[in-house]
Amino acid sequence: MATPSNAGRAQKARPVSQQRRLRNLWENFKSIAGALAIFLVLRAFLIEAYRIPSGSMIPSLLVGDWLFVNKAIFGAHVPFSRASLPAYREPKRGDVVVFVSPYQADEARAGRDPTPTLVKRLVGTPGDTLYMRKGILYVNGIAQRQGYGAQSQADAALANSVDELFDWQKKVGLKSSRFGGAPAQPTHDEWGPLVVPPRRLFMMGDSRYNSKDSRYWGFVPRENVRGKPLFVYYSYNADDSDRPLPMLTDIRWSRIGHWIK
């Protein structure tokens with residue numbers, strides 16, 4: 001008599017155990033989904049990580065630096081739209097800024113991304129008059145520091161170089177101004193004056209002779225701004241390391257925690 005009774009209890013217990021497992025699976029799924037949702041919200045609107053792939057911002061930023069970027073300060077971009085959230089403040093001259101590049105037809109022809117996300121320094125805000133003479137950048141008639149990176153012997157060859165990508169400047173260069181007129185043919189180190197239009201920004205790399213920037217592809221629309229780099233959270237010698245697995249064996253420990261100015 002005991003055996004049938006015990007078998008009956010086992011049959012009743014089996015559905016209860018299955019329900020408990022399903023409930024546990026559902027709770028785990030909700031926890032993972034919630035954590036993922038929080039991560040995506042933080043990534044979309046507050047903080048995102050970026051890697052520096054080129055030397056255009058040397059020495060402020062090095063190839064192999066990994067950055068945390070504050071996306072909220074200039075108004076976080078709403079994904080899959082052209083809208084942005086309200087900004088804490090507007091980008092100001094001297095800020096290092098993450099932004100989406102204006103369309104670059106030459107990159108598209110080469111089969112590369114024509115609108116990459118870039119990191120440059122903001123040198124001209126709306127209303128500023130910019131020009132360069134003998135490699136010195138002038139903002140509203142005031143000479144600025146000669147970039148931030150060291151010059152090399154190759155700079156002399158670039159100084160007077162002409163590129164068809166400079167031709168956009170011919171349409172906006174001032175024919176006459178209190179700073180003089182724009183040259184008929186802009187060159188790498190001789191261009192402008194030009195005035196930054198409303199809702200537009202002029203970006204340049206700190207390493208002026210190793211930077212494809214607003215001199216080439218023009219003004220950056222304000223809505224293209226994506227954030228302001230905060231600090232380097234990881235860095236390794238990705239440029240000229242002679243060690244195996246430099247990501248692990250050639251870490252720049254002194255760069256970790258470096259605040260970006």
# chains A, B, ... in the order shown; residues from 1 in each chain; ligands from 1

call {"tool": "select_by_dssp", "arguments": {"residues": "stretch 4-244 of chain A", "states": "helix (DSSP H, G or I)", "output": "PyMOL selection string"}}
result
chain A and resi 4-45+105-109+155-159+164-172+208-210+214-217+222-224

call {"tool": "select_by_dssp", "arguments": {"residues": "stretch 55-170 of chain A", "states": "strand (DSSP E)", "output": "ChimeraX atom specification"}}
result
/A:65-70,96-100,117-124,129-133,136-139,142-143

call {"tool": "closest_residue", "arguments": {"among": "A:Phe74, A:Phe166, A:Trp217, A:Trp191", "to": "A:Gly135", "atoms": "only C-alpha atoms"}}
result
A:Trp191

call {"tool": "atom_distance", "arguments": {"atom1": "atom CA of A:Tyr103", "atom2": "atom CA of A:Pro116"}}
result
8.6 Å

call {"tool": "residues_around", "arguments": {"residues": "A:Ser56", "least_positions_apart": "6", "cutoff": "9 Å", "atoms": "only C-alpha atoms", "output": "list in words"}}
result
Leu62, Val63, Val119, Lys120, Gly149, Met204, Gly205, Asp206, Ser207, Arg208, Tyr209, Asn210, Ser211, Lys212 and Asp213 of chain A

call {"tool": "atom_distance", "arguments": {"atom1": "atom CA of A:Pro197", "atom2": "atom CA of A:Thr125"}}
result
8.2 Å

call {"tool": "closest_residue", "arguments": {"among": "A:Val97, A:Ala143, A:Ile32, A:Ala49", "to": "A:Val225", "atoms": "only C-alpha atoms"}}
result
A:Val97

call {"tool": "atom_distance", "arguments": {"atom1": "atom CA of A:Asp239", "atom2": "atom CA of A:Ile52"}}
result
11.0 Å

call {"tool": "closest_residue", "arguments": {"among": "A:Gly257, A:Gly227, A:Pro186, A:Gly180", "to": "A:Ser84", "atoms": "only C-alpha atoms"}}
result
A:Gly227

call {"tool": "residues_around", "arguments": {"residues": "A:Ala105", "least_positions_apart": "5", "cutoff": "10 Å", "atoms": "only C-alpha atoms", "output": "mmCIF file with all heavy atoms, in the first residue's frame"}}
result
data_model
loop_
_atom_site.group_PDB
_atom_site.id
_atom_site.type_symbol
_atom_site.label_atom_id
_atom_site.label_comp_id
_atom_site.auth_asym_id
_atom_site.auth_seq_id
_atom_site.Cartn_x
_atom_site.Cartn_y
_atom_site.Cartn_z
ATOM 1 N N ALA A 110 37.591 55.794 -51.496
ATOM 2 C CA ALA A 110 38.605 54.811 -51.119
ATOM 3 C C ALA A 110 38.001 53.588 -50.433
ATOM 4 O O ALA A 110 38.733 52.681 -50.022
ATOM 5 C CB ALA A 110 39.640 55.461 -50.203
ATOM 6 N N GLY A 111 36.672 53.568 -50.292
ATOM 7 C CA GLY A 111 36.013 52.429 -49.675
ATOM 8 C C GLY A 111 36.048 52.443 -48.161
ATOM 9 O O GLY A 111 35.792 51.411 -47.519
ATOM 10 N N ARG A 112 36.366 53.609 -47.574
ATOM 11 C CA ARG A 112 36.393 53.730 -46.120
ATOM 12 C C ARG A 112 35.166 54.489 -45.629
ATOM 13 O O ARG A 112 34.414 55.057 -46.411
ATOM 14 C CB ARG A 112 37.681 54.437 -45.675
ATOM 15 C CG ARG A 112 38.954 53.651 -45.989
ATOM 16 C CD ARG A 112 40.176 54.326 -45.393
ATOM 17 N NE ARG A 112 40.520 55.541 -46.101
ATOM 18 C CZ ARG A 112 41.389 55.630 -47.103
ATOM 19 N NH1 ARG A 112 41.983 54.523 -47.551
ATOM 20 N NH2 ARG A 112 41.658 56.785 -47.684
ATOM 21 N N ASP A 113 34.986 54.498 -44.317
ATOM 22 C CA ASP A 113 33.851 55.184 -43.700
ATOM 23 C C ASP A 113 33.951 56.685 -43.995
ATOM 24 O O ASP A 113 34.927 57.326 -43.587
ATOM 25 C CB ASP A 113 33.868 54.943 -42.194
ATOM 26 C CG ASP A 113 32.689 55.588 -41.474
ATOM 27 O OD1 ASP A 113 31.820 56.174 -42.146
ATOM 28 O OD2 ASP A 113 32.660 55.499 -40.226
ATOM 29 N N PRO A 114 32.974 57.286 -44.682
ATOM 30 C CA PRO A 114 33.059 58.713 -45.015
ATOM 31 C C PRO A 114 32.651 59.639 -43.879
ATOM 32 O O PRO A 114 32.856 60.847 -43.967
ATOM 33 C CB PRO A 114 32.084 58.851 -46.187
ATOM 34 C CG PRO A 114 31.057 57.792 -45.932
ATOM 35 C CD PRO A 114 31.797 56.641 -45.290
ATOM 36 N N THR A 115 32.081 59.094 -42.806
ATOM 37 C CA THR A 115 31.690 59.921 -41.656
ATOM 38 C C THR A 115 32.168 59.266 -40.360
ATOM 39 O O THR A 115 31.357 58.891 -39.499
ATOM 40 C CB THR A 115 30.158 60.122 -41.607
ATOM 41 O OG1 THR A 115 29.524 58.834 -41.585
ATOM 42 C CG2 THR A 115 29.672 60.917 -42.820
ATOM 43 N N LEU A 165 41.231 69.113 -51.504
ATOM 44 C CA LEU A 165 40.296 69.148 -50.385
ATOM 45 C C LEU A 165 40.243 70.513 -49.713
ATOM 46 O O LEU A 165 39.329 70.795 -48.943
ATOM 47 C CB LEU A 165 40.651 68.078 -49.361
ATOM 48 C CG LEU A 165 40.592 66.622 -49.847
ATOM 49 C CD1 LEU A 165 41.007 65.670 -48.732
ATOM 50 C CD2 LEU A 165 39.193 66.270 -50.352
ATOM 51 N N TRP A 217 37.999 69.088 -44.482
ATOM 52 C CA TRP A 217 36.587 68.749 -44.691
ATOM 53 C C TRP A 217 35.613 69.772 -44.145
ATOM 54 O O TRP A 217 34.411 69.558 -44.149
ATOM 55 C CB TRP A 217 36.258 67.362 -44.151
ATOM 56 C CG TRP A 217 37.016 66.869 -42.964
ATOM 57 C CD1 TRP A 217 37.964 65.887 -42.954
ATOM 58 C CD2 TRP A 217 36.886 67.279 -41.596
ATOM 59 N NE1 TRP A 217 38.427 65.672 -41.672
ATOM 60 C CE2 TRP A 217 37.794 66.519 -40.821
ATOM 61 C CE3 TRP A 217 36.094 68.235 -40.947
ATOM 62 C CZ2 TRP A 217 37.932 66.670 -39.443
ATOM 63 C CZ3 TRP A 217 36.224 68.399 -39.584
ATOM 64 C CH2 TRP A 217 37.139 67.619 -38.850
#

call {"tool": "residues_around", "arguments": {"residues": "A:Ser241", "least_positions_apart": "3", "cutoff": "12 Å", "atoms": "only C-alpha atoms", "output": "number ranges by chain"}}
result
A: 63-64, 236-238, 244-252

call {"tool": "write_last_selection", "arguments": {"atoms": "all heavy atoms", "output": "compact mmCIF listing (two decimals), in the first residue's frame"}}
result
# COMPACT_ATOMS: atom_id res chain seq x y z
N VAL A 63 48.31 57.15 -29.73
CA VAL A 63 47.77 55.95 -30.36
C VAL A 63 47.80 54.82 -29.33
O VAL A 63 48.83 54.55 -28.71
CB VAL A 63 48.61 55.55 -31.60
CG1 VAL A 63 48.03 54.29 -32.24
CG2 VAL A 63 48.65 56.69 -32.60
N GLY A 64 46.66 54.20 -29.13
CA GLY A 64 46.56 53.14 -28.13
C GLY A 64 45.94 53.59 -26.82
O GLY A 64 45.77 52.78 -25.92
N TYR A 236 48.23 51.41 -24.16
CA TYR A 236 49.40 50.58 -24.45
C TYR A 236 50.07 51.11 -25.71
O TYR A 236 49.48 51.85 -26.49
CB TYR A 236 49.01 49.11 -24.62
CG TYR A 236 48.30 48.78 -25.91
CD1 TYR A 236 48.99 48.22 -26.99
CD2 TYR A 236 46.94 49.04 -26.06
CE1 TYR A 236 48.34 47.93 -28.18
CE2 TYR A 236 46.28 48.74 -27.24
CZ TYR A 236 46.99 48.18 -28.30
OH TYR A 236 46.34 47.90 -29.47
N ASN A 237 51.31 50.75 -25.89
CA ASN A 237 52.10 51.24 -27.02
C ASN A 237 51.68 50.50 -28.29
O ASN A 237 52.19 49.44 -28.61
CB ASN A 237 53.59 51.03 -26.75
CG ASN A 237 54.46 51.71 -27.79
OD1 ASN A 237 53.95 52.28 -28.75
ND2 ASN A 237 55.76 51.64 -27.60
N ALA A 238 50.72 51.09 -29.01
CA ALA A 238 50.18 50.45 -30.21
C ALA A 238 50.90 50.91 -31.47
O ALA A 238 50.58 50.45 -32.56
CB ALA A 238 48.69 50.76 -30.33
N PRO A 244 56.02 41.25 -28.04
CA PRO A 244 54.85 40.44 -28.44
C PRO A 244 53.64 40.83 -27.59
O PRO A 244 53.78 41.18 -26.42
CB PRO A 244 55.31 39.01 -28.16
CG PRO A 244 56.35 39.15 -27.09
CD PRO A 244 57.04 40.46 -27.37
N LEU A 245 52.48 40.77 -28.19
CA LEU A 245 51.24 41.10 -27.49
C LEU A 245 51.36 42.41 -26.70
O LEU A 245 51.22 42.43 -25.47
CB LEU A 245 50.83 39.96 -26.56
CG LEU A 245 50.54 38.60 -27.20
CD1 LEU A 245 50.30 37.56 -26.14
CD2 LEU A 245 49.35 38.71 -28.13
N PRO A 246 51.64 43.53 -27.41
CA PRO A 246 51.86 44.80 -26.69
C PRO A 246 50.66 45.24 -25.84
O PRO A 246 50.84 45.97 -24.88
CB PRO A 246 52.13 45.79 -27.82
CG PRO A 246 51.54 45.18 -29.05
CD PRO A 246 51.72 43.70 -28.86
N MET A 247 49.45 44.79 -26.18
CA MET A 247 48.28 45.16 -25.38
C MET A 247 48.43 44.69 -23.94
O MET A 247 47.88 45.28 -23.02
CB MET A 247 47.01 44.59 -26.01
CG MET A 247 45.73 44.97 -25.28
SD MET A 247 44.24 44.42 -26.13
CE MET A 247 44.13 45.61 -27.46
N LEU A 248 49.23 43.62 -23.76
CA LEU A 248 49.45 43.07 -22.42
C LEU A 248 50.85 43.34 -21.89
O LEU A 248 51.05 43.47 -20.68
CB LEU A 248 49.19 41.55 -22.42
CG LEU A 248 47.78 41.10 -22.82
CD1 LEU A 248 47.72 39.58 -22.86
CD2 LEU A 248 46.74 41.64 -21.85
N THR A 249 51.82 43.42 -22.81
CA THR A 249 53.22 43.50 -22.38
C THR A 249 53.82 44.90 -22.48
O THR A 249 54.91 45.14 -21.96
CB THR A 249 54.09 42.54 -23.22
OG1 THR A 249 54.00 42.92 -24.62
CG2 THR A 249 53.61 41.10 -23.06
N ASP A 250 53.13 45.83 -23.15
CA ASP A 250 53.68 47.18 -23.31
C ASP A 250 52.63 48.22 -22.90
O ASP A 250 52.31 49.15 -23.64
CB ASP A 250 54.11 47.41 -24.77
CG ASP A 250 55.22 48.44 -24.87
OD1 ASP A 250 55.54 49.07 -23.84
OD2 ASP A 250 55.77 48.64 -25.97
N ILE A 251 52.11 48.04 -21.71
CA ILE A 251 51.10 48.95 -21.18
C ILE A 251 51.78 50.24 -20.72
O ILE A 251 52.84 50.21 -20.09
CB ILE A 251 50.34 48.30 -20.00
CG1 ILE A 251 49.60 47.06 -20.49
CG2 ILE A 251 49.37 49.29 -19.36
CD1 ILE A 251 48.97 46.25 -19.37
N ARG A 252 51.18 51.38 -21.02
CA ARG A 252 51.68 52.67 -20.55
C ARG A 252 51.02 52.97 -19.20
O ARG A 252 50.01 53.66 -19.12
CB ARG A 252 51.34 53.78 -21.55
CG ARG A 252 51.90 53.60 -22.95
CD ARG A 252 51.63 54.88 -23.74
NE ARG A 252 51.94 54.77 -25.15
CZ ARG A 252 51.05 54.67 -26.12
NH1 ARG A 252 49.75 54.69 -25.84
NH2 ARG A 252 51.42 54.59 -27.38

call {"tool": "residues_around", "arguments": {"residues": "A:Ser161", "least_positions_apart": "3", "cutoff": "10 Å", "atoms": "only C-alpha atoms", "output": "ChimeraX atom specification"}}
result
/A:155-158,186-190

call {"tool": "write_last_selection", "arguments": {"atoms": "N, CA, C and O atoms", "output": "PDB file, in the first residue's frame"}}
result
ATOM      1  N   ASP A 155      57.647  68.622 -41.945  1.00  0.00           N
ATOM      2  CA  ASP A 155      56.713  69.736 -41.898  1.00  0.00           C
ATOM      3  C   ASP A 155      56.935  70.727 -43.031  1.00  0.00           C
ATOM      4  O   ASP A 155      55.980  71.285 -43.579  1.00  0.00           O
ATOM      5  N   ALA A 156      58.192  70.971 -43.397  1.00  0.00           N
ATOM      6  CA  ALA A 156      58.500  71.948 -44.435  1.00  0.00           C
ATOM      7  C   ALA A 156      57.851  71.555 -45.756  1.00  0.00           C
ATOM      8  O   ALA A 156      57.366  72.417 -46.499  1.00  0.00           O
ATOM      9  N   ALA A 157      57.826  70.278 -46.058  1.00  0.00           N
ATOM     10  CA  ALA A 157      57.212  69.818 -47.300  1.00  0.00           C
ATOM     11  C   ALA A 157      55.707  70.014 -47.278  1.00  0.00           C
ATOM     12  O   ALA A 157      55.082  70.298 -48.305  1.00  0.00           O
ATOM     13  N   LEU A 158      55.109  69.878 -46.087  1.00  0.00           N
ATOM     14  CA  LEU A 158      53.660  70.019 -45.977  1.00  0.00           C
ATOM     15  C   LEU A 158      53.215  71.477 -45.938  1.00  0.00           C
ATOM     16  O   LEU A 158      52.108  71.800 -46.349  1.00  0.00           O
ATOM     17  N   PRO A 186      44.290  78.270 -51.132  1.00  0.00           N
ATOM     18  CA  PRO A 186      44.657  77.888 -49.758  1.00  0.00           C
ATOM     19  C   PRO A 186      45.699  76.772 -49.764  1.00  0.00           C
ATOM     20  O   PRO A 186      45.686  75.881 -50.621  1.00  0.00           O
ATOM     21  N   THR A 187      46.610  76.829 -48.810  1.00  0.00           N
ATOM     22  CA  THR A 187      47.587  75.768 -48.622  1.00  0.00           C
ATOM     23  C   THR A 187      47.500  75.273 -47.185  1.00  0.00           C
ATOM     24  O   THR A 187      46.703  75.778 -46.387  1.00  0.00           O
ATOM     25  N   HIS A 188      48.331  74.313 -46.870  1.00  0.00           N
ATOM     26  CA  HIS A 188      48.302  73.720 -45.534  1.00  0.00           C
ATOM     27  C   HIS A 188      48.514  74.757 -44.441  1.00  0.00           C
ATOM     28  O   HIS A 188      47.839  74.733 -43.402  1.00  0.00           O
ATOM     29  N   ASP A 189      49.451  75.681 -44.666  1.00  0.00           N
ATOM     30  CA  ASP A 189      49.823  76.658 -43.639  1.00  0.00           C
ATOM     31  C   ASP A 189      49.403  78.091 -43.947  1.00  0.00           C
ATOM     32  O   ASP A 189      49.698  78.992 -43.158  1.00  0.00           O
ATOM     33  N   GLU A 190      48.734  78.306 -45.087  1.00  0.00           N
ATOM     34  CA  GLU A 190      48.309  79.657 -45.472  1.00  0.00           C
ATOM     35  C   GLU A 190      46.869  79.585 -45.966  1.00  0.00           C
ATOM     36  O   GLU A 190      46.610  79.139 -47.091  1.00  0.00           O
TER      37      GLU A 190
END

call {"tool": "decode", "arguments": {"residues": "stretch 153-182 of chain A", "atoms": "N, CA, C and O atoms", "output": "PDB file, in the first residue's frame"}}
result
ATOM      1  N   GLN A 153      60.999  67.206 -39.604  1.00  0.00           N
ATOM      2  CA  GLN A 153      61.592  67.682 -40.847  1.00  0.00           C
ATOM      3  C   GLN A 153      60.593  67.624 -41.993  1.00  0.00           C
ATOM      4  O   GLN A 153      60.714  68.361 -42.970  1.00  0.00           O
ATOM      5  N   ALA A 154      59.600  66.753 -41.871  1.00  0.00           N
ATOM      6  CA  ALA A 154      58.613  66.623 -42.948  1.00  0.00           C
ATOM      7  C   ALA A 154      57.671  67.814 -43.011  1.00  0.00           C
ATOM      8  O   ALA A 154      56.993  68.022 -44.005  1.00  0.00           O
ATOM      9  N   ASP A 155      57.647  68.622 -41.945  1.00  0.00           N
ATOM     10  CA  ASP A 155      56.713  69.736 -41.898  1.00  0.00           C
ATOM     11  C   ASP A 155      56.935  70.727 -43.031  1.00  0.00           C
ATOM     12  O   ASP A 155      55.980  71.285 -43.579  1.00  0.00           O
ATOM     13  N   ALA A 156      58.192  70.971 -43.397  1.00  0.00           N
ATOM     14  CA  ALA A 156      58.500  71.948 -44.435  1.00  0.00           C
ATOM     15  C   ALA A 156      57.851  71.555 -45.756  1.00  0.00           C
ATOM     16  O   ALA A 156      57.366  72.417 -46.499  1.00  0.00           O
ATOM     17  N   ALA A 157      57.826  70.278 -46.058  1.00  0.00           N
ATOM     18  CA  ALA A 157      57.212  69.818 -47.300  1.00  0.00           C
ATOM     19  C   ALA A 157      55.707  70.014 -47.278  1.00  0.00           C
ATOM     20  O   ALA A 157      55.082  70.298 -48.305  1.00  0.00           O
ATOM     21  N   LEU A 158      55.109  69.878 -46.087  1.00  0.00           N
ATOM     22  CA  LEU A 158      53.660  70.019 -45.977  1.00  0.00           C
ATOM     23  C   LEU A 158      53.215  71.477 -45.938  1.00  0.00           C
ATOM     24  O   LEU A 158      52.108  71.800 -46.349  1.00  0.00           O
ATOM     25  N   ALA A 159      54.082  72.352 -45.451  1.00  0.00           N
ATOM     26  CA  ALA A 159      53.677  73.731 -45.185  1.00  0.00           C
ATOM     27  C   ALA A 159      53.022  74.401 -46.381  1.00  0.00           C
ATOM     28  O   ALA A 159      51.985  75.050 -46.252  1.00  0.00           O
ATOM     29  N   ASN A 160      53.615  74.258 -47.564  1.00  0.00           N
ATOM     30  CA  ASN A 160      53.095  74.918 -48.771  1.00  0.00           C
ATOM     31  C   ASN A 160      52.327  73.962 -49.667  1.00  0.00           C
ATOM     32  O   ASN A 160      52.067  74.291 -50.831  1.00  0.00           O
ATOM     33  N   SER A 161      51.998  72.789 -49.140  1.00  0.00           N
ATOM     34  CA  SER A 161      51.300  71.800 -49.961  1.00  0.00           C
ATOM     35  C   SER A 161      49.884  72.266 -50.293  1.00  0.00           C
ATOM     36  O   SER A 161      49.235  72.962 -49.515  1.00  0.00           O
ATOM     37  N   VAL A 162      49.438  71.881 -51.483  1.00  0.00           N
ATOM     38  CA  VAL A 162      48.093  72.205 -51.962  1.00  0.00           C
ATOM     39  C   VAL A 162      47.327  70.899 -52.125  1.00  0.00           C
ATOM     40  O   VAL A 162      47.854  69.915 -52.625  1.00  0.00           O
ATOM     41  N   ASP A 163      46.101  70.901 -51.685  1.00  0.00           N
ATOM     42  CA  ASP A 163      45.251  69.711 -51.785  1.00  0.00           C
ATOM     43  C   ASP A 163      43.893  70.157 -52.306  1.00  0.00           C
ATOM     44  O   ASP A 163      43.368  71.194 -51.884  1.00  0.00           O
ATOM     45  N   GLU A 164      43.323  69.381 -53.205  1.00  0.00           N
ATOM     46  CA  GLU A 164      41.999  69.728 -53.729  1.00  0.00           C
ATOM     47  C   GLU A 164      40.955  69.783 -52.619  1.00  0.00           C
ATOM     48  O   GLU A 164      39.918  70.447 -52.767  1.00  0.00           O
ATOM     49  N   LEU A 165      41.231  69.113 -51.504  1.00  0.00           N
ATOM     50  CA  LEU A 165      40.296  69.148 -50.385  1.00  0.00           C
ATOM     51  C   LEU A 165      40.243  70.513 -49.713  1.00  0.00           C
ATOM     52  O   LEU A 165      39.329  70.795 -48.943  1.00  0.00           O
ATOM     53  N   PHE A 166      41.231  71.382 -49.991  1.00  0.00           N
ATOM     54  CA  PHE A 166      41.197  72.741 -49.445  1.00  0.00           C
ATOM     55  C   PHE A 166      40.261  73.652 -50.234  1.00  0.00           C
ATOM     56  O   PHE A 166      39.973  74.771 -49.792  1.00  0.00           O
ATOM     57  N   ASP A 167      39.781  73.207 -51.386  1.00  0.00           N
ATOM     58  CA  ASP A 167      39.045  74.108 -52.290  1.00  0.00           C
ATOM     59  C   ASP A 167      37.731  74.614 -51.710  1.00  0.00           C
ATOM     60  O   ASP A 167      37.223  75.651 -52.144  1.00  0.00           O
ATOM     61  N   TRP A 168      37.164  73.902 -50.750  1.00  0.00           N
ATOM     62  CA  TRP A 168      35.915  74.384 -50.141  1.00  0.00           C
ATOM     63  C   TRP A 168      36.107  75.763 -49.520  1.00  0.00           C
ATOM     64  O   TRP A 168      35.155  76.553 -49.435  1.00  0.00           O
ATOM     65  N   GLN A 169      37.353  76.056 -49.100  1.00  0.00           N
ATOM     66  CA  GLN A 169      37.627  77.334 -48.447  1.00  0.00           C
ATOM     67  C   GLN A 169      37.476  78.520 -49.401  1.00  0.00           C
ATOM     68  O   GLN A 169      37.236  79.649 -48.954  1.00  0.00           O
ATOM     69  N   LYS A 170      37.621  78.280 -50.701  1.00  0.00           N
ATOM     70  CA  LYS A 170      37.541  79.377 -51.673  1.00  0.00           C
ATOM     71  C   LYS A 170      36.165  80.046 -51.648  1.00  0.00           C
ATOM     72  O   LYS A 170      36.044  81.241 -51.945  1.00  0.00           O
ATOM     73  N   LYS A 171      35.141  79.289 -51.275  1.00  0.00           N
ATOM     74  CA  LYS A 171      33.784  79.837 -51.252  1.00  0.00           C
ATOM     75  C   LYS A 171      33.515  80.662 -50.000  1.00  0.00           C
ATOM     76  O   LYS A 171      32.636  81.519 -50.003  1.00  0.00           O
ATOM     77  N   VAL A 172      34.248  80.400 -48.931  1.00  0.00           N
ATOM     78  CA  VAL A 172      33.951  81.073 -47.661  1.00  0.00           C
ATOM     79  C   VAL A 172      35.059  82.024 -47.218  1.00  0.00           C
ATOM     80  O   VAL A 172      34.867  82.805 -46.276  1.00  0.00           O
ATOM     81  N   GLY A 173      36.209  81.970 -47.881  1.00  0.00           N
ATOM     82  CA  GLY A 173      37.303  82.859 -47.517  1.00  0.00           C
ATOM     83  C   GLY A 173      36.935  84.324 -47.758  1.00  0.00           C
ATOM     84  O   GLY A 173      36.308  84.660 -48.771  1.00  0.00           O
ATOM     85  N   LEU A 174      37.307  85.201 -46.833  1.00  0.00           N
ATOM     86  CA  LEU A 174      36.993  86.625 -46.958  1.00  0.00           C
ATOM     87  C   LEU A 174      37.907  87.274 -47.992  1.00  0.00           C
ATOM     88  O   LEU A 174      39.130  87.134 -47.921  1.00  0.00           O
ATOM     89  N   LYS A 175      37.299  87.985 -48.935  1.00  0.00           N
ATOM     90  CA  LYS A 175      38.102  88.675 -49.958  1.00  0.00           C
ATOM     91  C   LYS A 175      38.887  89.826 -49.345  1.00  0.00           C
ATOM     92  O   LYS A 175      39.992  90.139 -49.782  1.00  0.00           O
ATOM     93  N   SER A 176      38.306  90.455 -48.343  1.00  0.00           N
ATOM     94  CA  SER A 176      38.996  91.524 -47.624  1.00  0.00           C
ATOM     95  C   SER A 176      38.474  91.564 -46.198  1.00  0.00           C
ATOM     96  O   SER A 176      37.323  91.220 -45.925  1.00  0.00           O
ATOM     97  N   SER A 177      39.342  91.951 -45.270  1.00  0.00           N
ATOM     98  CA  SER A 177      38.982  92.082 -43.865  1.00  0.00           C
ATOM     99  C   SER A 177      40.089  92.865 -43.179  1.00  0.00           C
ATOM    100  O   SER A 177      41.115  93.181 -43.785  1.00  0.00           O
ATOM    101  N   ARG A 178      39.890  93.184 -41.918  1.00  0.00           N
ATOM    102  CA  ARG A 178      40.944  93.909 -41.184  1.00  0.00           C
ATOM    103  C   ARG A 178      42.178  93.040 -40.983  1.00  0.00           C
ATOM    104  O   ARG A 178      43.236  93.542 -40.588  1.00  0.00           O
ATOM    105  N   PHE A 179      42.051  91.734 -41.283  1.00  0.00           N
ATOM    106  CA  PHE A 179      43.198  90.834 -41.190  1.00  0.00           C
ATOM    107  C   PHE A 179      43.793  90.545 -42.571  1.00  0.00           C
ATOM    108  O   PHE A 179      44.679  89.711 -42.703  1.00  0.00           O
ATOM    109  N   GLY A 180      43.282  91.230 -43.595  1.00  0.00           N
ATOM    110  CA  GLY A 180      43.713  90.965 -44.957  1.00  0.00           C
ATOM    111  C   GLY A 180      42.751  90.037 -45.661  1.00  0.00           C
ATOM    112  O   GLY A 180      41.699  89.672 -45.121  1.00  0.00           O
ATOM    113  N   GLY A 181      43.104  89.654 -46.894  1.00  0.00           N
ATOM    114  CA  GLY A 181      42.246  88.785 -47.682  1.00  0.00           C
ATOM    115  C   GLY A 181      42.776  87.365 -47.734  1.00  0.00           C
ATOM    116  O   GLY A 181      43.948  87.102 -47.449  1.00  0.00           O
ATOM    117  N   ALA A 182      41.879  86.427 -48.066  1.00  0.00           N
ATOM    118  CA  ALA A 182      42.267  85.022 -48.174  1.00  0.00           C
ATOM    119  C   ALA A 182      43.088  84.805 -49.429  1.00  0.00           C
ATOM    120  O   ALA A 182      42.834  85.432 -50.467  1.00  0.00           O
TER     121      ALA A 182
END
